[in-house]
Structures are given as C-alpha cells and as structure tokens.
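Student: File name my_file.tsv; file contents TSV, C-alpha atoms and all ligand atoms; full text below.
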```tsv
chain	number	residue	atom	x	y	z
S	236	MET	CA	-115.34	117.11	-67.09
S	237	LYS	CA	-116.46	113.53	-67.48
S	238	ARG	CA	-112.93	112.55	-68.36
S	239	PHE	CA	-111.65	114.36	-65.27
S	240	ILE	CA	-114.10	112.46	-63.03
S	241	SER	CA	-113.00	109.19	-64.60
S	242	ILE	CA	-109.39	110.00	-63.78
S	243	LEU	CA	-110.37	110.80	-60.19
S	244	PHE	CA	-112.24	107.49	-59.94
S	245	MET	CA	-109.26	105.56	-61.27
S	246	ALA	CA	-106.98	107.37	-58.85
S	247	ALA	CA	-109.27	106.46	-55.96
S	248	LEU	CA	-109.23	102.81	-57.02
S	249	LEU	CA	-105.44	102.81	-57.14
S	250	CYS	CA	-105.16	104.39	-53.71
S	251	ALA	CA	-107.75	102.23	-52.01
S	252	PRO	CA	-105.71	99.01	-51.78
S	253	MET	CA	-102.76	100.92	-50.26
S	254	THR	CA	-104.99	102.28	-47.51
S	255	VAL	CA	-106.37	98.85	-46.71
S	256	THR	CA	-102.89	97.33	-46.68
S	257	ALA	CA	-101.61	99.95	-44.23
S	258	GLU	CA	-104.55	99.39	-41.88
S	259	ALA	CA	-104.14	95.61	-42.08
S	260	ALA	CA	-100.45	95.90	-41.21
S	261	GLU	CA	-101.31	97.77	-38.05
S	262	GLU	CA	-103.68	95.02	-37.00
S	263	ILE	CA	-101.20	92.14	-37.45
S	264	GLU	CA	-100.23	90.89	-34.02
S	265	THR	CA	-96.50	90.59	-33.48
S	266	ILE	CA	-95.61	87.14	-32.24
S	267	VAL	CA	-92.23	86.82	-30.54
S	268	THR	CA	-90.92	83.40	-29.69
S	269	VAL	CA	-88.24	83.51	-27.01
S	270	VAL	CA	-85.73	80.67	-27.23
S	271	PRO	CA	-83.55	80.52	-24.12
S	272	ALA	CA	-79.80	80.14	-24.63
S	273	PRO	CA	-78.34	76.79	-23.56
S	274	ASP	CA	-76.98	76.71	-20.04
S	275	GLN	CA	-73.23	77.06	-20.70
S	276	THR	CA	-72.34	75.79	-17.26
S	277	ARG	CA	-73.74	72.40	-18.23
S	278	ALA	CA	-72.11	72.28	-21.65
S	279	GLU	CA	-70.05	69.19	-22.19
S	280	ARG	CA	-67.89	68.09	-25.07
S	281	PRO	CA	-69.54	65.23	-26.96
S	282	PRO	CA	-67.55	61.97	-26.75
S	283	CYS	CA	-66.89	62.11	-30.50
S	284	PHE	CA	-64.85	65.30	-30.01
S	285	PRO	CA	-61.91	64.38	-27.76
S	286	ASP	CA	-60.27	67.05	-25.66
S	287	PRO	CA	-57.44	68.40	-27.86
S	288	SER	CA	-55.42	69.29	-24.79
S	289	GLU	CA	-55.12	65.60	-23.86
S	290	ASN	CA	-52.04	65.38	-26.05
S	291	PHE	CA	-50.46	68.48	-24.54
S	292	ILE	CA	-47.17	68.18	-22.72
S	293	GLN	CA	-48.22	68.45	-19.10
S	294	LEU	CA	-46.67	71.11	-16.89
S	295	PRO	CA	-46.07	70.75	-13.14
S	296	GLU	CA	-49.03	71.65	-10.96
S	297	THR	CA	-46.82	73.47	-8.49
S	298	GLU	CA	-46.49	77.28	-8.47
S	299	ASN	CA	-44.84	78.93	-11.47
S	300	VAL	CA	-42.32	81.07	-9.54
S	301	ALA	CA	-41.39	83.07	-12.65
S	302	LEU	CA	-44.87	84.50	-13.16
S	303	ASN	CA	-44.86	88.31	-13.31
S	304	LYS	CA	-41.34	88.53	-11.87
S	305	PRO	CA	-38.77	91.05	-13.18
S	306	VAL	CA	-37.31	89.85	-16.47
S	307	THR	CA	-34.67	91.26	-18.80
S	308	SER	CA	-33.19	90.44	-22.19
S	309	GLY	CA	-31.21	91.90	-25.04
S	310	ALA	CA	-32.85	93.62	-28.00
S	311	HIS	CA	-36.33	92.54	-29.03
S	312	THR	CA	-38.18	92.65	-32.33
S	313	ASP	CA	-40.87	95.25	-32.96
S	314	VAL	CA	-43.35	95.37	-30.03
S	315	TYR	CA	-42.56	91.88	-28.73
S	316	VAL	CA	-40.93	92.94	-25.50
S	317	ILE	CA	-39.45	90.61	-22.90
S	318	ARG	CA	-42.17	91.55	-20.40
S	319	ASN	CA	-44.53	89.41	-22.46
S	320	VAL	CA	-42.59	86.28	-21.58
S	321	ASN	CA	-43.97	85.81	-18.07
S	322	ASP	CA	-47.25	87.72	-17.96
S	323	GLY	CA	-49.25	84.50	-17.75
S	324	LYS	CA	-50.75	84.86	-21.22
S	325	THR	CA	-49.88	82.62	-24.14
S	326	ASP	CA	-51.31	85.15	-26.59
S	327	THR	CA	-48.51	87.63	-25.84
S	328	TYR	CA	-44.94	86.77	-26.72
S	329	TRP	CA	-41.35	87.88	-26.70
S	330	GLU	CA	-39.27	87.83	-29.85
S	331	SER	CA	-35.57	88.47	-29.65
S	332	LYS	CA	-33.71	90.42	-32.26
S	333	GLY	CA	-31.05	87.98	-33.39
S	334	TRP	CA	-28.94	85.41	-31.60
S	335	PRO	CA	-28.08	84.34	-29.01
S	336	ALA	CA	-31.13	85.43	-27.05
S	337	GLU	CA	-31.24	85.45	-23.28
S	338	ALA	CA	-34.19	85.84	-20.94
S	339	VAL	CA	-33.10	86.45	-17.35
S	340	ILE	CA	-35.77	86.11	-14.69
S	341	ASP	CA	-35.32	87.41	-11.16
S	342	LEU	CA	-37.36	85.07	-8.98
S	343	GLU	CA	-37.33	87.64	-6.16
S	344	GLY	CA	-36.26	85.05	-3.62
S	345	SER	CA	-34.56	81.70	-3.44
S	346	PHE	CA	-36.54	78.74	-4.72
S	347	ARG	CA	-35.78	75.06	-5.14
S	348	ILE	CA	-36.57	74.55	-8.80
S	349	SER	CA	-36.47	71.54	-11.13
S	350	THR	CA	-38.35	72.47	-14.31
S	351	VAL	CA	-38.30	75.24	-16.88
S	352	ALA	CA	-41.10	75.26	-19.44
S	353	VAL	CA	-41.14	77.29	-22.63
S	354	CYS	CA	-44.50	77.84	-24.28
S	355	LEU	CA	-45.61	79.32	-27.55
S	356	ASN	CA	-49.16	80.28	-28.41
S	357	PRO	CA	-50.96	76.89	-28.56
S	358	SER	CA	-52.76	77.86	-31.78
S	359	SER	CA	-51.86	75.75	-34.79
S	360	ILE	CA	-51.28	78.92	-36.85
S	361	TRP	CA	-47.90	78.92	-35.08
S	362	GLU	CA	-45.83	76.71	-37.32
S	363	PRO	CA	-44.00	73.75	-35.80
S	364	ARG	CA	-40.40	74.57	-35.09
S	365	THR	CA	-37.32	73.48	-33.20
S	366	GLN	CA	-35.58	75.86	-30.84
S	367	GLU	CA	-32.23	75.23	-29.20
S	368	ILE	CA	-32.31	76.16	-25.52
S	369	ALA	CA	-30.01	76.02	-22.51
S	370	VAL	CA	-30.80	76.74	-18.85
S	371	TRP	CA	-28.53	78.56	-16.44
S	372	VAL	CA	-29.20	79.39	-12.80
S	373	SER	CA	-27.74	81.75	-10.24
S	374	ALA	CA	-27.95	82.05	-6.48
S	375	ASP	CA	-26.96	85.74	-6.44
S	376	GLY	CA	-27.90	87.22	-9.81
S	377	GLU	CA	-24.25	87.62	-10.79
S	378	THR	CA	-22.63	84.23	-11.18
S	379	TYR	CA	-24.49	81.77	-13.38
S	380	THR	CA	-24.05	78.02	-13.78
S	381	GLU	CA	-25.25	76.09	-16.79
S	382	ILE	CA	-27.41	73.26	-15.49
S	383	VAL	CA	-28.89	72.10	-18.82
S	384	PRO	CA	-26.64	72.42	-21.87
S	385	ALA	CA	-28.05	73.65	-25.16
S	386	ALA	CA	-30.35	71.07	-26.71
S	387	LYS	CA	-33.00	71.10	-29.41
S	388	TYR	CA	-36.67	71.04	-28.44
S	389	ASP	CA	-39.60	70.51	-30.80
S	390	PHE	CA	-42.59	72.84	-30.54
S	391	ASP	CA	-45.79	71.61	-32.14
S	392	ALA	CA	-49.41	72.67	-31.69
S	393	GLU	CA	-50.29	68.96	-31.50
S	394	THR	CA	-48.56	68.84	-28.12
S	395	GLY	CA	-49.56	72.32	-26.98
S	396	ASN	CA	-46.66	74.22	-28.57
S	397	ARG	CA	-44.77	73.83	-25.33
S	398	ILE	CA	-41.74	72.00	-24.02
S	399	ARG	CA	-40.45	71.30	-20.55
S	400	ILE	CA	-36.87	70.99	-19.42
S	401	ASP	CA	-36.43	68.95	-16.25
S	402	PHE	CA	-33.28	68.85	-14.16
S	403	ASP	CA	-32.13	67.86	-10.69
S	404	PRO	CA	-33.57	70.23	-8.06
S	405	VAL	CA	-31.40	73.28	-7.44
S	406	GLU	CA	-31.67	76.43	-5.32
S	407	ALA	CA	-31.86	79.54	-7.46
S	408	THR	CA	-32.71	83.22	-7.22
S	409	HIS	CA	-32.33	83.85	-10.96
S	410	VAL	CA	-32.90	81.75	-14.07
S	411	LYS	CA	-31.36	82.50	-17.43
S	412	VAL	CA	-32.83	80.78	-20.48
S	413	VAL	CA	-30.55	80.99	-23.51
S	414	PHE	CA	-31.86	80.45	-27.03
S	415	THR	CA	-29.35	79.81	-29.80
S	416	MET	CA	-31.39	78.61	-32.78
S	417	SER	CA	-34.87	78.31	-34.26
S	418	THR	CA	-36.12	76.63	-37.40
S	419	ALA	CA	-39.17	78.91	-37.62
S	420	SER	CA	-39.27	80.60	-41.00
S	421	ARG	CA	-40.86	83.89	-40.06
S	422	THR	CA	-38.56	85.06	-37.29
S	423	GLY	CA	-35.01	86.23	-36.98
S	424	GLY	CA	-34.81	85.39	-33.31
S	425	ALA	CA	-36.15	83.36	-30.44
S	426	GLN	CA	-39.86	83.34	-29.71
S	427	ALA	CA	-41.52	82.48	-26.41
S	428	ALA	CA	-45.02	83.28	-25.21
S	429	GLU	CA	-44.28	82.13	-21.66
S	430	ILE	CA	-41.27	80.92	-19.74
S	431	CYS	CA	-42.35	79.15	-16.58
S	432	VAL	CA	-40.19	77.96	-13.69
S	433	TYR	CA	-41.26	75.30	-11.20
L	501	CA	CA	-47.04	85.91	-22.55
```
Show me the file's structure as structure tokens.

Tutor:
Amino acid sequence: MKRFISILFMAALLCAPMTVTAEAAEEIETIVTVVPAPDQTRAERPPCFPDPSENFIQLPETENVALNKPVTSGAHTDVYVIRNVNDGKTDTYWESKGWPAEAVIDLEGSFRISTVAVCLNPSSIWEPRTQEIAVWVSADGETYTEIVPAAKYDFDAETGNRIRIDFDPVEATHVKVVFTMSTASRTGGAQAAEICVY
C-alpha cells in the first residue's frame, strides 16, 4: 500500500508541471505587430537599377492597326496558332510548321502604313536568333506587292526581342509578312509573339 501511495505521489509530481504549463500558455498575451505593405503606387526604381527597356527598339506610338484583326497562315506547330500573333500579348506566340511561313492580316479597312514590327516574348529565356522576313501589301486582299524584300533581322532580349521594318508610306487593306528562315535552334518554323502594323 505504501508503495502504491508513493507511485501516486510521483505520478502527481510528474503531472503537476504539465498543468501549470497549460494554464500559463492560456495567460500569454498574443502580440501582433502589423507592418503595412509599401505603397506600390509610389515605388520607384533605384538609380542603380536602370530601366532595362531603355535599350529596347522603340515602336511607333501611333495605333497598331493589326491588333485583333482577322489573320491567317499555313500550318502551325502544336498549339501555337496564328491567332496568337496579334492578340496584343507577347506571352502568346505563333509558330509555323516549316517554311516559308506567311501571316496574312486583314486590316479591315484601308490604312496608310509605314512600319511592320515583329516581336518575340521579351524574356531572355528566348534565345537570340535571326529571322529572314519580307513584307507584302495588298489593296484588295487578292493582289500583293512586295514592298520590303526578304532581309535578315536580329532578335535579342537585350533590345526587347523585337524588330521593326520601316518603308515608304503605302495604302493597304492587307499585310502579308513572309518568313523564310530562322537561326533559332528549338523550332522548325517561324516564331512571332506579335506582328504589329503602324
Ligand atoms: Ca501574342
């Protein structure tokens, strides 16, 4: 019996600290420090971090008359349909299946145009490459005239992964951009995230 009481006493001693600890935990006041997020509208780039887009090839500030207009092409690769080429997003792109590759844009009206820009995703994960491109225009959607012969253009993330092709102003209802070569290693066709017409 004496031994049994001793065991009970020991058990009580062992349990006692746990009870005290639990009660103490309930009494600890929770202190929450609220740190407000910085006002993003006032965020500015420190002078030591220059704007990377300063080196980008600048595009005309006039309206891009190709944006969201009907566009057609030959076969495309995988899911990279021609509709991606003028949806206004550089994170969607068209990839042709083979060569030559033509993107024909119906401007839905006659416009006096003087620049075609071809853009890739500006991210540097897009390897630098050279694409050979020619520009044709039409005033009726049937007869096309080559206004800029095929020439090689360098795409590099350092300059925004974009190029612009300038020419004498011309009236056009349709623009056909013809790709005939690319040095990119991971594609079997032309690639363009956006084709813009100004
Ligand atoms: Ca796009």

Student: Using only C-alpha atoms, pick whichever of S:Val412, S:Val314, S:Val306, S:Leu355 has the shortest atom-to-atom distance to Asp391 (chain S).

Tutor: S:Leu355

Student: How would you write, as JSON, numbers by chain, the set of residues no farther than 10 Å from ligand CA 501 (chain L) when counting only C-alpha atoms and all ligand atoms?

Tutor: {"S": [302, 303, 315, 316, 317, 318, 319, 320, 321, 322, 323, 324, 325, 326, 327, 328, 329, 354, 355, 356, 427, 428, 429, 430]}

Student: Could you name the residues that touch Gly395 (chain S) at 7 Å or less, counting only C-alpha atoms, but leaving out those on the same chain fewer than 4 positions away, as a VMD selection string?

Tutor: chain S and resid 288 291 to 292 357 391

Student: Excluding same-chain residues fewer than 4 positions from region 381-389 of chain S, what lies within 6 Å of it counting only C-alpha atoms, as a list in words?

Tutor: Arg364, Thr365, Gln366, Glu367, Ile368, Ala369, Val370 and Trp371 of chain S

Student: Please indicate the distance in Å from CA of Phe346 (chain S) to CA of Gly309 (chain S), rounded to one decimal place.

Tutor: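 Between CA of Phe346 (chain S) and CA of Gly309 (chain S) the gap works out to 24.8 Å.
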
Student: Interatomic distance between CA of Phe390 (chain S) and CA of Val353 (chain S)?

Tutor: 9.2 Å

Student: So which residues touch Ala338 (chain S) within 7 Å, counting only C-alpha atoms, skipping near sequence neighbours fewer than 2 positions away, as a ChimeraX atom specification?

Tutor: /S:306-308,336,340,411-413

Student: Let me make sure I understand: among S:Gly424, S:Gly376, S:Pro287, S:Pro295, which one has the smallest atom-to-atom distance to Val351 (chain S) if we use all atoms listed in the file?

Tutor: S:Pro295

Student: Go through S:Cys431, S:Ala425, S:Ala272, S:Ile266 and flag the residue nearest Pro335 (chain S), using only C-alpha atoms for the distances.

Tutor: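 When distances to Pro335 (chain S) are compared using only C-alpha atoms, the smallest one comes from S:Ala425.
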
Student: Could you check the closest approach to Ala310 (chain S) for each of S:Arg399, S:Ser331, S:Ser420, S:Thr265 and tell me which residue wins, using only C-alpha atoms?

Tutor: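 Ranked by minimum distance to Ala310 (chain S), first place goes to S:Ser331.
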
Student: Within 9 Å of Thr422 (chain S), counting only C-alpha atoms, which residues show up once you throw out same-chain ones fewer than 4 positions away? Write them as a PyMOL selection string, please.

Tutor: chain S and resi 330-333+417-418+426

Student: What is the distance, in Å and to one decimal place, between CA of Ala407 (chain S) and CA of Glu337 (chain S)?

Tutor: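 Atom-to-atom, CA of Ala407 (chain S) to CA of Glu337 (chain S), that is 16.9 Å.
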
Student: So which residues touch Glu406 (chain S) within 8 Å, counting all atoms listed in the file, skipping near sequence neighbours fewer than 6 positions away, as a ChimeraX atom specification?

Tutor: /S:345-348,374
